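Report on one structure; see the data block that follows.
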Amino acid sequence: MILVWHAVVWTIWTSRNEIIFAGGSSTIDTIVDKVKLSSWKWFLGRNTDSPCSLYEWEVQTRLCWSSKARWGCGAWLFQVLVECYPLGCSPLAGSS
């Protein structure tokens, strides 16, 4: 998770420079979106075999970090649903 911390610091620094030197402006929402995007790009740079999309990174970051990400975030969810369906459980409700 240190990668995310680096993305936070980098985004704050570049936003600060943009405001001071280019006369730009920024909002918290914009900064958060930039952190999400840059941390995802850096994650993909270090894990080229990871198929996690930006959406999956924003919603389920820990899942993308897990060892199950090797077969893809969507594949992991599919496996959970396949294993759970015959048992009559609801993985989304947290019951098994």
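Each chain in the structure tokens gets a letter, A, B, ..., in the order shown, and its residues are numbered from 1; ligands are numbered from 1 in order too.
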Quick one: residues within 12 Å of Thr27 in chain A, only C-alpha atoms, excluding same-chain residues fewer than 5 positions away - as a CSV table (one decimal) with N, CA, C and O atoms, in the first residue's frame?
chain,number,residue,atom,x,y,z
A,11,THR,N,0.6,13.4,-6.1
A,11,THR,CA,-0.6,14.2,-6.6
A,11,THR,C,-0.7,15.5,-5.9
A,11,THR,O,-1.0,16.6,-6.5
A,12,ILE,N,-0.5,15.5,-4.6
A,12,ILE,CA,-0.6,16.8,-3.8
A,12,ILE,C,0.5,17.7,-4.3
A,12,ILE,O,0.3,18.9,-4.5
A,15,SER,N,-0.2,19.0,-7.8
A,15,SER,CA,-1.4,20.0,-7.8
A,15,SER,C,-0.9,21.3,-7.2
A,15,SER,O,-1.4,22.4,-7.7
A,16,ARG,N,-0.1,21.2,-6.2
A,16,ARG,CA,0.4,22.4,-5.6
A,16,ARG,C,1.2,23.2,-6.6
A,16,ARG,O,1.0,24.5,-6.7
A,19,ILE,N,-1.0,24.9,-9.1
A,19,ILE,CA,-1.7,26.1,-8.5
A,19,ILE,C,-0.7,27.3,-8.4
A,19,ILE,O,-1.1,28.4,-8.8
A,32,VAL,N,-8.4,13.4,-5.6
A,32,VAL,CA,-8.7,12.0,-5.3
A,32,VAL,C,-8.7,11.2,-6.6
A,32,VAL,O,-8.2,10.1,-6.7
A,33,ASP,N,-9.4,11.7,-7.6
A,33,ASP,CA,-9.4,11.0,-8.9
A,33,ASP,C,-8.0,10.9,-9.5
A,33,ASP,O,-7.7,9.8,-10.1
A,34,LYS,N,-7.2,11.9,-9.4
A,34,LYS,CA,-5.8,11.8,-9.9
A,34,LYS,C,-5.0,10.7,-9.1
A,34,LYS,O,-4.2,10.0,-9.6
Considering only C-alpha atoms, return as a list in words whatever protein or nucleic-acid residues lie within 10 Å of range 36-38 of chain A, sequence-local ones (same chain, fewer than 2 positions apart) excluded.
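The filter keeps Leu3, Val4, His6, Ala7, Val8, Trp10, Thr11, Thr30, Ile31, Val32, Asp33, Lys34, Trp40, Lys41, Trp42, Phe43, Leu44, Leu54, Tyr55, Trp57, Glu58 and Thr61 of chain A.
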I need the chosen residues saved as a short mmCIF file (atom, residue, chain, number, x, y, z; two decimals), in the first residue's frame, with N, CA, C and O atoms.
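Produced file part_37.cif, reproduced below:
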data_model
loop_
_atom_site.label_atom_id
_atom_site.label_comp_id
_atom_site.auth_asym_id
_atom_site.auth_seq_id
_atom_site.Cartn_x
_atom_site.Cartn_y
_atom_site.Cartn_z
N LEU A 3 2.60 2.20 -2.34
CA LEU A 3 2.42 2.77 -3.67
C LEU A 3 1.31 3.82 -3.66
O LEU A 3 1.44 4.88 -4.27
N VAL A 4 0.23 3.54 -2.94
CA VAL A 4 -0.88 4.49 -2.86
C VAL A 4 -0.43 5.74 -2.11
O VAL A 4 -0.76 6.87 -2.50
N HIS A 6 2.58 6.96 -1.99
CA HIS A 6 3.41 7.73 -2.93
C HIS A 6 2.54 8.47 -3.94
O HIS A 6 2.85 9.62 -4.29
N ALA A 7 1.48 7.84 -4.40
CA ALA A 7 0.57 8.50 -5.34
C ALA A 7 -0.10 9.71 -4.70
O ALA A 7 -0.29 10.74 -5.34
N VAL A 8 -0.46 9.59 -3.41
CA VAL A 8 -1.08 10.72 -2.69
C VAL A 8 -0.10 11.89 -2.61
O VAL A 8 -0.45 13.03 -2.95
N TRP A 10 2.63 12.47 -4.38
CA TRP A 10 2.95 12.97 -5.72
C TRP A 10 1.82 13.86 -6.26
O TRP A 10 2.07 14.92 -6.82
N THR A 11 0.59 13.43 -6.09
CA THR A 11 -0.55 14.19 -6.61
C THR A 11 -0.70 15.52 -5.89
O THR A 11 -0.97 16.55 -6.53
N THR A 30 -10.97 16.25 -7.58
CA THR A 30 -10.00 16.13 -8.66
C THR A 30 -8.73 15.46 -8.17
O THR A 30 -8.18 14.58 -8.84
N ILE A 31 -8.28 15.84 -6.99
CA ILE A 31 -7.07 15.26 -6.42
C ILE A 31 -7.27 13.77 -6.15
O ILE A 31 -6.41 12.94 -6.46
N VAL A 32 -8.42 13.42 -5.58
CA VAL A 32 -8.70 12.01 -5.31
C VAL A 32 -8.73 11.20 -6.60
O VAL A 32 -8.17 10.11 -6.67
N ASP A 33 -9.36 11.73 -7.64
CA ASP A 33 -9.40 11.04 -8.93
C ASP A 33 -8.00 10.87 -9.51
O ASP A 33 -7.67 9.82 -10.07
N LYS A 34 -7.16 11.88 -9.36
CA LYS A 34 -5.78 11.79 -9.86
C LYS A 34 -4.98 10.75 -9.07
O LYS A 34 -4.16 10.03 -9.65
N TRP A 40 -3.16 3.44 -9.88
CA TRP A 40 -3.51 2.30 -10.74
C TRP A 40 -2.46 2.13 -11.84
O TRP A 40 -2.01 1.02 -12.12
N LYS A 41 -2.06 3.24 -12.46
CA LYS A 41 -1.04 3.16 -13.52
C LYS A 41 0.28 2.63 -12.97
O LYS A 41 0.95 1.82 -13.60
N TRP A 42 0.67 3.09 -11.78
CA TRP A 42 1.91 2.62 -11.17
C TRP A 42 1.79 1.14 -10.81
O TRP A 42 2.74 0.39 -10.94
N PHE A 43 0.62 0.73 -10.31
CA PHE A 43 0.39 -0.68 -10.00
C PHE A 43 0.54 -1.54 -11.25
O PHE A 43 1.19 -2.57 -11.22
N LEU A 44 -0.05 -1.11 -12.35
CA LEU A 44 0.06 -1.86 -13.61
C LEU A 44 1.50 -1.89 -14.12
O LEU A 44 1.93 -2.87 -14.72
N LEU A 54 -9.40 -0.12 -14.13
CA LEU A 54 -9.44 1.05 -13.26
C LEU A 54 -10.64 1.00 -12.34
O LEU A 54 -10.55 1.32 -11.16
N TYR A 55 -11.78 0.54 -12.85
CA TYR A 55 -12.97 0.42 -12.03
C TYR A 55 -12.73 -0.55 -10.87
O TYR A 55 -13.05 -0.25 -9.72
N TRP A 57 -9.89 -1.35 -9.58
CA TRP A 57 -8.91 -0.72 -8.70
C TRP A 57 -9.59 0.26 -7.76
O TRP A 57 -9.30 0.31 -6.58
N GLU A 58 -10.53 1.05 -8.28
CA GLU A 58 -11.23 2.04 -7.45
C GLU A 58 -12.15 1.38 -6.43
O GLU A 58 -12.27 1.84 -5.31
N THR A 61 -9.57 -2.31 -4.37
CA THR A 61 -8.12 -2.21 -4.45
C THR A 61 -7.42 -3.40 -3.80
O THR A 61 -6.50 -3.97 -4.35
#
What separation in Å, quoted to one decimal, exists between CA of Gln60 in chain A and CA of Trp5 in chain A?
16.7 Å
So how many Å separate CA of Asp29 in chain A and CA of Arg62 in chain A, to one decimal?
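Value for the CA of Asp29 in chain A-CA of Arg62 in chain A distance: 21.4 Å.
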Computed interatomic separation between CA of Ala22 in chain A and CA of Ser39 in chain A (Å):
23.9 Å
